[in-house]
>>> print(open('target.cif').read())   # mmCIF, C-alpha atoms
data_final
#
loop_
_atom_site.label_atom_id
_atom_site.label_comp_id
_atom_site.auth_asym_id
_atom_site.auth_seq_id
_atom_site.Cartn_x
_atom_site.Cartn_y
_atom_site.Cartn_z
CA MET A 452 139.64 165.10 229.75
CA ILE A 453 142.48 162.79 230.78
CA ASP A 454 144.03 161.21 227.72
CA ASP A 455 146.40 158.30 227.37
CA ARG A 456 149.51 160.46 227.48
CA ASP A 457 148.22 162.17 230.63
CA TRP A 458 147.98 158.72 232.18
CA ASP A 459 151.59 158.04 231.14
CA VAL A 460 152.56 161.20 233.05
CA LEU A 461 150.37 160.37 236.06
CA GLU A 462 151.63 156.81 236.32
CA ARG A 463 155.23 158.00 236.10
CA LEU A 464 154.67 160.68 238.77
CA GLN A 465 153.20 158.09 241.13
CA GLU A 466 156.44 156.12 241.00
CA GLY A 467 158.19 159.04 242.66
CA VAL A 468 159.78 162.31 241.57
CA PRO A 469 163.57 161.89 241.08
CA LEU A 470 165.65 163.99 243.49
CA ALA A 471 167.71 165.63 240.78
CA ALA A 472 168.11 169.16 239.46
CA GLU A 473 165.77 168.62 236.49
CA PRO A 474 163.32 165.93 237.59
CA PHE A 475 160.69 166.65 234.93
CA ASP A 476 163.23 166.25 232.14
CA LEU A 477 164.30 162.89 233.55
CA MET A 478 160.73 161.61 233.86
CA ALA A 479 159.88 162.91 230.37
CA ALA A 480 162.84 161.04 228.87
CA GLU A 481 161.74 157.83 230.61
CA ILE A 482 158.34 157.88 228.96
CA GLY A 483 159.55 159.22 225.63
CA MET A 484 158.02 162.69 225.84
CA ALA A 485 159.51 166.12 225.20
CA PRO A 486 160.40 167.83 228.52
CA GLU A 487 158.26 170.90 227.70
CA GLU A 488 155.26 168.73 226.96
CA PHE A 489 155.68 166.77 230.20
CA LEU A 490 155.74 169.93 232.30
CA GLN A 491 152.85 171.44 230.31
CA ARG A 492 150.74 168.37 231.01
CA VAL A 493 151.65 168.47 234.70
CA LYS A 494 150.65 172.14 234.88
CA ARG A 495 147.35 171.53 233.11
CA LEU A 496 146.52 168.53 235.30
CA HIS A 497 147.32 170.70 238.32
CA GLU A 498 145.05 173.48 237.06
CA GLN A 499 142.30 170.91 236.49
CA GLY A 500 142.75 169.73 240.06
CA VAL A 501 143.70 166.19 239.02
CA ILE A 502 147.12 166.77 240.60
CA ARG A 503 146.63 168.40 243.99
CA ARG A 504 150.35 168.87 244.40
CA LEU A 505 153.72 167.20 244.08
CA GLY A 506 155.67 166.82 247.27
CA PRO A 507 157.06 164.64 250.03
CA ARG A 508 154.87 162.11 251.78
CA VAL A 509 155.90 162.41 255.40
CA ARG A 510 155.66 159.74 258.05
CA HIS A 511 154.28 162.07 260.67
CA HIS A 512 154.97 159.97 263.73
CA ARG A 513 158.65 160.37 262.89
CA VAL A 514 158.61 164.14 263.06
CA GLY A 515 157.20 164.36 266.52
CA ILE A 516 153.44 164.21 266.21
CA ARG A 517 151.94 161.85 268.73
CA GLY A 518 148.92 164.01 269.32
CA ASN A 519 146.76 162.88 266.41
CA ILE A 520 143.07 162.76 267.16
CA MET A 521 140.16 162.18 264.87
CA VAL A 522 137.17 164.07 266.18
CA ALA A 523 133.59 163.42 265.10
CA TRP A 524 131.26 166.36 265.77
CA ARG A 525 127.50 166.64 265.89
CA VAL A 526 126.70 169.90 264.14
CA PRO A 527 123.19 171.21 263.35
CA ALA A 528 122.65 171.02 259.59
CA HIS A 529 122.16 174.77 259.24
CA ARG A 530 125.55 175.41 260.88
CA LEU A 531 127.63 172.96 258.83
CA SER A 532 129.08 175.48 256.38
CA GLU A 533 129.90 177.97 259.10
CA VAL A 534 131.54 175.43 261.41
CA GLY A 535 133.28 173.65 258.51
CA GLY A 536 134.76 176.97 257.46
CA LEU A 537 135.95 177.76 260.97
CA PHE A 538 137.55 174.34 261.39
CA ALA A 539 139.17 174.55 257.96
CA ALA A 540 140.81 177.84 258.90
CA GLU A 541 142.41 176.28 262.00
CA ASP A 542 146.10 175.51 261.47
CA LYS A 543 146.04 172.35 263.58
CA VAL A 544 143.14 170.83 261.65
CA SER A 545 144.40 168.95 258.60
CA HIS A 546 141.16 167.45 257.27
CA CYS A 547 137.53 168.38 257.67
CA TYR A 548 134.68 166.45 256.02
CA CYS A 549 130.91 165.98 256.27
CA ARG A 550 129.95 162.34 256.52
CA PRO A 551 126.68 160.44 256.99
CA THR A 552 125.46 159.69 260.50
CA LEU A 553 124.69 156.28 261.99
CA ASP A 554 121.91 155.61 264.49
CA SER A 555 124.55 154.51 266.97
CA PHE A 556 126.98 157.28 266.00
CA PRO A 557 125.10 160.50 265.22
CA TYR A 558 128.09 162.64 264.24
CA ASN A 559 128.21 164.41 260.89
CA LEU A 560 131.45 166.44 260.75
CA TYR A 561 134.89 164.84 260.99
CA THR A 562 138.23 166.51 261.61
CA MET A 563 141.81 165.37 262.08
CA VAL A 564 143.55 167.42 264.75
CA HIS A 565 147.30 167.40 265.25
CA ALA A 566 149.43 168.74 268.07
CA LYS A 567 152.74 167.87 269.67
CA ASP A 568 151.25 165.45 272.20
CA PRO A 569 147.84 164.02 273.14
CA ALA A 570 147.19 166.58 275.88
CA ALA A 571 147.90 169.48 273.53
CA ALA A 572 145.63 167.95 270.89
CA GLU A 573 142.81 167.65 273.42
CA GLN A 574 143.29 171.30 274.28
CA VAL A 575 142.96 172.24 270.61
CA VAL A 576 139.74 170.22 270.42
CA ALA A 577 138.35 171.86 273.57
CA GLY A 578 139.21 175.27 272.14
CA LEU A 579 137.43 174.52 268.86
CA ALA A 580 134.38 173.23 270.73
CA GLU A 581 134.18 176.38 272.81
CA ARG A 582 134.70 178.76 269.91
CA CYS A 583 132.00 177.06 267.87
CA GLY A 584 129.64 176.46 270.78
CA LEU A 585 129.59 172.70 270.20
CA SER A 586 129.16 170.31 273.11
CA GLN A 587 128.45 167.05 271.29
CA TYR A 588 131.57 165.46 269.91
CA VAL A 589 133.66 162.36 270.37
CA MET A 590 137.43 162.09 270.30
CA LEU A 591 138.93 159.04 268.62
CA PRO A 592 142.66 159.16 269.40
CA THR A 593 144.96 157.10 267.21
CA LEU A 594 146.16 154.06 269.15
CA ARG A 595 148.05 152.42 266.31
CA GLU A 596 148.73 153.06 262.67
CA LEU A 597 148.07 149.62 261.21
CA LYS A 598 148.51 150.50 257.56
CA LYS A 599 149.55 153.50 255.55
CA THR A 600 150.20 153.20 251.86
CA SER A 601 149.99 155.63 248.99
CA PRO A 602 147.03 154.97 246.76
CA ARG A 603 148.02 154.00 243.24
CA TYR A 604 145.67 155.04 240.47
CA ARG A 605 145.70 153.23 237.15
CA ARG A 606 144.14 154.14 233.82
CA PRO A 607 140.74 152.55 233.25
CA ASP A 608 140.80 149.24 231.37
CA MET B 1227 165.46 167.87 262.98
CA PRO B 1228 167.94 170.63 262.13
CA ASP B 1229 166.34 173.92 261.26
CA LEU B 1230 167.28 173.97 257.56
CA ALA B 1231 165.93 170.47 256.95
CA ALA B 1232 162.66 171.42 258.63
CA ARG B 1233 162.34 174.54 256.51
CA VAL B 1234 163.11 172.67 253.29
CA LEU B 1235 160.55 170.01 254.21
CA ALA B 1236 157.90 172.60 255.05
CA GLU B 1237 158.53 174.44 251.81
CA ALA B 1238 158.48 171.24 249.74
CA GLN B 1239 155.20 170.23 251.40
CA LYS B 1240 153.52 173.29 250.00
CA GLY B 1241 154.02 171.59 246.66
CA LEU B 1242 157.01 171.47 244.34
CA PRO B 1243 156.95 174.51 242.04
CA LEU B 1244 156.02 173.36 238.53
CA VAL B 1245 159.14 174.73 236.88
CA PRO B 1246 162.05 172.91 235.20
CA ARG B 1247 164.19 173.21 238.37
CA PRO B 1248 161.79 172.96 241.32
CA PHE B 1249 164.51 172.32 243.91
CA LEU B 1250 166.27 175.51 242.88
CA ALA B 1251 163.02 177.40 243.48
CA ILE B 1252 162.74 175.84 246.96
CA ALA B 1253 166.39 176.68 247.64
CA ARG B 1254 165.72 180.34 246.85
CA ALA B 1255 162.65 180.37 249.08
CA VAL B 1256 164.53 179.03 252.11
CA GLY B 1257 167.94 180.55 251.38
CA CYS B 1258 170.28 177.68 250.58
CA SER B 1259 171.66 175.95 247.51
CA GLU B 1260 169.81 173.66 245.11
CA GLN B 1261 172.21 170.84 245.94
CA GLU B 1262 171.55 171.29 249.65
CA VAL B 1263 167.81 170.91 249.06
CA ILE B 1264 168.34 167.73 247.04
CA ASP B 1265 170.78 166.30 249.61
CA LEU B 1266 168.45 167.10 252.51
CA LEU B 1267 165.44 165.48 250.84
CA GLU B 1268 167.55 162.43 249.98
CA ASP B 1269 168.69 162.20 253.59
CA LEU B 1270 165.11 162.51 254.89
CA ARG B 1271 164.06 159.75 252.53
CA ASP B 1272 166.98 157.50 253.51
CA ARG B 1273 166.10 157.98 257.18
CA GLY B 1274 162.46 157.19 256.48
CA VAL B 1275 161.08 160.57 257.58
CA VAL B 1276 159.86 160.98 254.01
CA ARG B 1277 158.35 157.91 252.38
CA GLU B 1278 158.71 159.31 248.88
CA VAL B 1279 158.41 162.49 246.87
CA SER B 1280 155.40 161.89 244.74
CA ALA B 1281 152.10 163.12 243.38
CA PHE B 1282 149.00 163.81 245.45
CA LEU B 1283 146.10 163.20 243.11
CA ASP B 1284 142.36 163.80 243.37
CA PRO B 1285 140.77 160.35 243.21
CA LYS B 1286 137.40 161.73 242.11
CA LYS B 1287 138.84 163.48 239.08
CA LEU B 1288 140.46 160.20 238.06
CA GLY B 1289 137.12 158.43 238.22
CA TYR B 1290 137.90 156.81 241.55
CA ARG B 1291 135.71 156.88 244.63
CA SER B 1292 136.97 156.81 248.18
CA THR B 1293 135.44 156.33 251.57
CA LEU B 1294 136.12 156.07 255.26
CA ALA B 1295 134.80 152.91 256.85
CA CYS B 1296 134.72 151.69 260.42
CA MET B 1297 133.86 148.60 262.41
CA THR B 1298 134.04 147.16 265.88
CA VAL B 1299 136.89 144.68 266.17
CA PRO B 1300 137.38 142.79 269.45
CA SER B 1301 140.88 143.43 270.79
CA GLU B 1302 141.91 139.78 270.51
CA ARG B 1303 141.12 139.83 266.78
CA VAL B 1304 142.88 143.09 265.84
CA GLU B 1305 146.02 141.44 264.40
CA GLN B 1306 144.05 138.97 262.32
CA VAL B 1307 141.67 141.59 260.90
CA ALA B 1308 144.54 144.03 260.29
CA ALA B 1309 146.27 141.32 258.24
CA VAL B 1310 143.20 140.89 256.04
CA LEU B 1311 143.11 144.66 255.39
CA GLU B 1312 146.88 144.76 254.88
CA ALA B 1313 146.57 142.34 251.99
CA MET B 1314 144.00 144.47 250.16
CA PRO B 1315 145.54 147.19 247.98
CA GLN B 1316 142.22 149.08 247.90
CA VAL B 1317 142.60 149.70 251.64
CA THR B 1318 145.12 152.54 251.83
CA HIS B 1319 145.09 153.52 255.51
CA ASN B 1320 144.01 151.67 258.63
CA TYR B 1321 144.00 152.99 262.18
CA LEU B 1322 143.14 151.48 265.52
CA ARG B 1323 141.27 154.08 267.57
CA ASP B 1324 140.31 154.38 271.20
CA HIS B 1325 136.57 153.78 270.81
CA GLU B 1326 134.08 150.93 270.56
CA LEU B 1327 134.17 151.53 266.82
CA SER B 1328 137.81 150.61 266.93
CA MET B 1329 139.06 150.12 263.40
CA TRP B 1330 138.88 152.98 260.89
CA PHE B 1331 140.17 152.59 257.37
CA THR B 1332 140.08 154.28 253.98
CA VAL B 1333 139.18 152.52 250.76
CA ILE B 1334 139.60 153.55 247.13
CA ALA B 1335 138.03 151.82 244.14
CA PRO B 1336 136.91 152.76 240.64
CA SER B 1337 133.21 153.03 241.62
CA GLU B 1338 130.86 153.20 244.59
CA GLU B 1339 129.57 149.74 243.69
CA ALA B 1340 133.12 148.41 243.84
CA ILE B 1341 133.54 149.97 247.29
CA ARG B 1342 130.32 148.42 248.57
CA ALA B 1343 131.31 145.04 247.16
CA LEU B 1344 134.69 145.29 248.85
CA LEU B 1345 133.15 146.20 252.22
CA ASP B 1346 130.72 143.28 251.91
CA GLU B 1347 133.61 140.96 251.17
CA LEU B 1348 135.54 142.32 254.17
CA ALA B 1349 132.55 141.86 256.47
CA GLY B 1350 132.29 138.25 255.33
CA ARG B 1351 135.99 137.50 255.64
CA THR B 1352 136.50 139.15 259.02
CA GLY B 1353 133.14 138.36 260.62
CA CYS B 1354 133.33 141.85 262.16
CA GLY B 1355 130.33 143.38 260.47
CA PRO B 1356 128.49 145.58 260.19
CA ILE B 1357 131.05 147.71 258.41
CA HIS B 1358 129.88 151.30 258.27
CA ASN B 1359 130.45 153.16 255.01
CA LEU B 1360 131.00 156.90 255.62
CA PRO B 1361 131.85 158.60 252.32
CA ALA B 1362 132.53 162.32 252.55
CA SER B 1363 129.57 164.35 251.30
CA GLU B 1364 131.38 167.66 251.53
CA VAL B 1365 135.05 168.48 251.91
CA PHE B 1366 135.95 171.61 253.84
CA LYS B 1367 139.66 170.94 254.03
CA ILE B 1368 142.35 168.58 252.91
CA ARG B 1369 145.65 169.55 254.37
CA VAL B 1370 147.99 171.72 252.40
CA ALA B 1371 150.99 172.18 254.66
CA PHE B 1372 151.82 172.54 258.30
CA ALA B 1373 154.53 174.58 259.94
CA ALA B 1374 157.84 172.79 260.29
CA GLY B 1375 157.75 170.01 262.84
CA GLU B 1376 153.98 169.65 262.70
CA MET B 1377 153.38 167.75 259.53
CA THR B 1378 151.01 165.10 258.56
CA ASP B 1379 149.94 163.39 255.44
CA ASP B 1380 147.10 163.20 253.00
CA ARG B 1381 144.53 160.58 252.91
#
>>> encode(input="target.cif", output="structure tokens")
Amino acid sequence: MIDDRDWDVLERLQEGVPLAAEPFDLMAAEIGMAPEEFLQRVKRLHEQGVIRRLGPRVRHHRVGIRGNIMVAWRVPAHRLSEVGGLFAAEDKVSHCYCRPTLDSFPYNLYTMVHAKDPAAAEQVVAGLAERCGLSQYVMLPTLRELKKTSPRYRRPD
Amino acid sequence: MPDLAARVLAEAQKGLPLVPRPFLAIARAVGCSEQEVIDLLEDLRDRGVVREVSAFLDPKKLGYRSTLACMTVPSERVEQVAAVLEAMPQVTHNYLRDHELSMWFTVIAPSEEAIRALLDELAGRTGCGPIHNLPASEVFKIRVAFAAGEMTDDR
């Protein structure tokens, strides 16, 4: 499904898209591929979902978000799809995943909530809890970002 | 951030159009010139607001597995443990959170076995086990784009 030339394209894309009028042509030339073929491969990989999107990676604390909270929710199994859908539709929720529970930490649905400051983020969380009728959740505010790197994916050996 | 820069950033975060001149397409969407879009993105990158313009890929489709892991790290050991995680390229994000389970980090590796082996190694090297492995079983949302001024990043 992903051939060697696809990997050439993917590895080049991960080095960064040139900020120039015709970035795909430039990247194609660098790996010795026709510009049309490069863009065709990018489009196909996007359709296949391998490429989610191309775009800027933003350092969010530099554009005014201090209100980042991870929230772990305890949701009855039969309500997971419904609640997950509701959370996903909320603008201030960036991520929403089901995860396994621990004996000491019985929460099964995780969200990242973002607002302009911690108080506003807590309000968003309280609003979500009320709308979904959920009382069991724990807020895990970000104290420090210790590491943030872009994952680099390489072709299999 | 000036209004135009915020609009360009918000538009670009939706994903560069997959056309020969993507910045021209963004320029048309926000109502400025192609060169302005390129200059603004360059400026945002130079100022560190944008780390890079790059590809967001689906690890699963590339044969990779990812997980979220957490552990309890005593406050006096945070720097030391953070340094161990910093040195491991498979650990892509690491956050200190206000909870007894204080350190939360994401891991990518080519297989689930490789992830488990890495977490075992980390538990041994940090002495902060158990490390809880919480892979996503269902994904309801991975961010697409936020309104200008309220942006975050993938993980």
>>> resolve_selection(input="target.cif", expression="the PyMOL selection byres ((chain B) within 6 of (chain A))", output="mmCIF file with C-alpha atoms, in the frame of the given file")
data_model
loop_
_atom_site.group_PDB
_atom_site.id
_atom_site.type_symbol
_atom_site.label_atom_id
_atom_site.label_comp_id
_atom_site.auth_asym_id
_atom_site.auth_seq_id
_atom_site.Cartn_x
_atom_site.Cartn_y
_atom_site.Cartn_z
ATOM 1 C CA ALA B 1238 158.480 171.240 249.740
ATOM 2 C CA GLN B 1239 155.200 170.230 251.400
ATOM 3 C CA GLY B 1241 154.020 171.590 246.660
ATOM 4 C CA LEU B 1242 157.010 171.470 244.340
ATOM 5 C CA PRO B 1246 162.050 172.910 235.200
ATOM 6 C CA ARG B 1247 164.190 173.210 238.370
ATOM 7 C CA ILE B 1264 168.340 167.730 247.040
ATOM 8 C CA VAL B 1275 161.080 160.570 257.580
ATOM 9 C CA VAL B 1276 159.860 160.980 254.010
ATOM 10 C CA ARG B 1277 158.350 157.910 252.380
ATOM 11 C CA GLU B 1278 158.710 159.310 248.880
ATOM 12 C CA VAL B 1279 158.410 162.490 246.870
ATOM 13 C CA SER B 1280 155.400 161.890 244.740
ATOM 14 C CA ALA B 1281 152.100 163.120 243.380
ATOM 15 C CA PHE B 1282 149.000 163.810 245.450
ATOM 16 C CA LEU B 1283 146.100 163.200 243.110
ATOM 17 C CA ASP B 1284 142.360 163.800 243.370
ATOM 18 C CA LYS B 1287 138.840 163.480 239.080
ATOM 19 C CA THR B 1318 145.120 152.540 251.830
ATOM 20 C CA HIS B 1319 145.090 153.520 255.510
ATOM 21 C CA ASN B 1320 144.010 151.670 258.630
ATOM 22 C CA TYR B 1321 144.000 152.990 262.180
ATOM 23 C CA LEU B 1322 143.140 151.480 265.520
ATOM 24 C CA ARG B 1323 141.270 154.080 267.570
ATOM 25 C CA ASP B 1324 140.310 154.380 271.200
ATOM 26 C CA LEU B 1360 131.000 156.900 255.620
ATOM 27 C CA PRO B 1361 131.850 158.600 252.320
ATOM 28 C CA ALA B 1362 132.530 162.320 252.550
ATOM 29 C CA SER B 1363 129.570 164.350 251.300
ATOM 30 C CA GLU B 1364 131.380 167.660 251.530
ATOM 31 C CA VAL B 1365 135.050 168.480 251.910
ATOM 32 C CA PHE B 1366 135.950 171.610 253.840
ATOM 33 C CA LYS B 1367 139.660 170.940 254.030
ATOM 34 C CA ILE B 1368 142.350 168.580 252.910
ATOM 35 C CA ARG B 1369 145.650 169.550 254.370
ATOM 36 C CA GLY B 1375 157.750 170.010 262.840
ATOM 37 C CA MET B 1377 153.380 167.750 259.530
ATOM 38 C CA THR B 1378 151.010 165.100 258.560
#
>>> residues_around(input="target.cif", residues="Val1310 (chain B)", least_positions_apart="5", cutoff="10 Å", atoms="all atoms listed in the file", output="short mmCIF file (atom, residue, chain, number, x, y, z; two decimals) with C-alpha atoms, in the frame of the given file")
data_model
loop_
_atom_site.label_atom_id
_atom_site.label_comp_id
_atom_site.auth_asym_id
_atom_site.auth_seq_id
_atom_site.Cartn_x
_atom_site.Cartn_y
_atom_site.Cartn_z
CA GLU B 1305 146.02 141.44 264.40
CA VAL B 1317 142.60 149.70 251.64
CA LEU B 1348 135.54 142.32 254.17
CA ARG B 1351 135.99 137.50 255.64
CA THR B 1352 136.50 139.15 259.02
#
>>> atom_distance(input="target.cif", atom1="CA of Phe489 (chain A)", atom2="CA of Val460 (chain A)")
7.0 Å
>>> closest_residue(input="target.cif", among="A:Leu579, A:Ala571, A:Ala479, A:Arg492", to="Asp454 (chain A)", atoms="all atoms listed in the file")
A:Arg492
>>> resolve_selection(input="target.cif", expression="the PyMOL selection byres ((chain B and resi 1298-1300) around 7)", output="JSON, numbers by chain")
{"B": [1297, 1301, 1302, 1303, 1304, 1326, 1327, 1328, 1329, 1354]}
>>> write_last_selection(input="target.cif", atoms="C-alpha atoms", output="PDB file, in the coordinates of the input")
ATOM      1  CA  MET B1297     133.860 148.600 262.410  1.00  0.00           C
ATOM      2  CA  SER B1301     140.880 143.430 270.790  1.00  0.00           C
ATOM      3  CA  GLU B1302     141.910 139.780 270.510  1.00  0.00           C
ATOM      4  CA  ARG B1303     141.120 139.830 266.780  1.00  0.00           C
ATOM      5  CA  VAL B1304     142.880 143.090 265.840  1.00  0.00           C
ATOM      6  CA  GLU B1326     134.080 150.930 270.560  1.00  0.00           C
ATOM      7  CA  LEU B1327     134.170 151.530 266.820  1.00  0.00           C
ATOM      8  CA  SER B1328     137.810 150.610 266.930  1.00  0.00           C
ATOM      9  CA  MET B1329     139.060 150.120 263.400  1.00  0.00           C
ATOM     10  CA  CYS B1354     133.330 141.850 262.160  1.00  0.00           C
TER      11      CYS B1354
END
>>> closest_residue(input="target.cif", among="B:Glu1347, B:Asp1265, B:Glu1338, B:Glu1237", to="Lys1286 (chain B)", atoms="only C-alpha atoms")
B:Glu1338
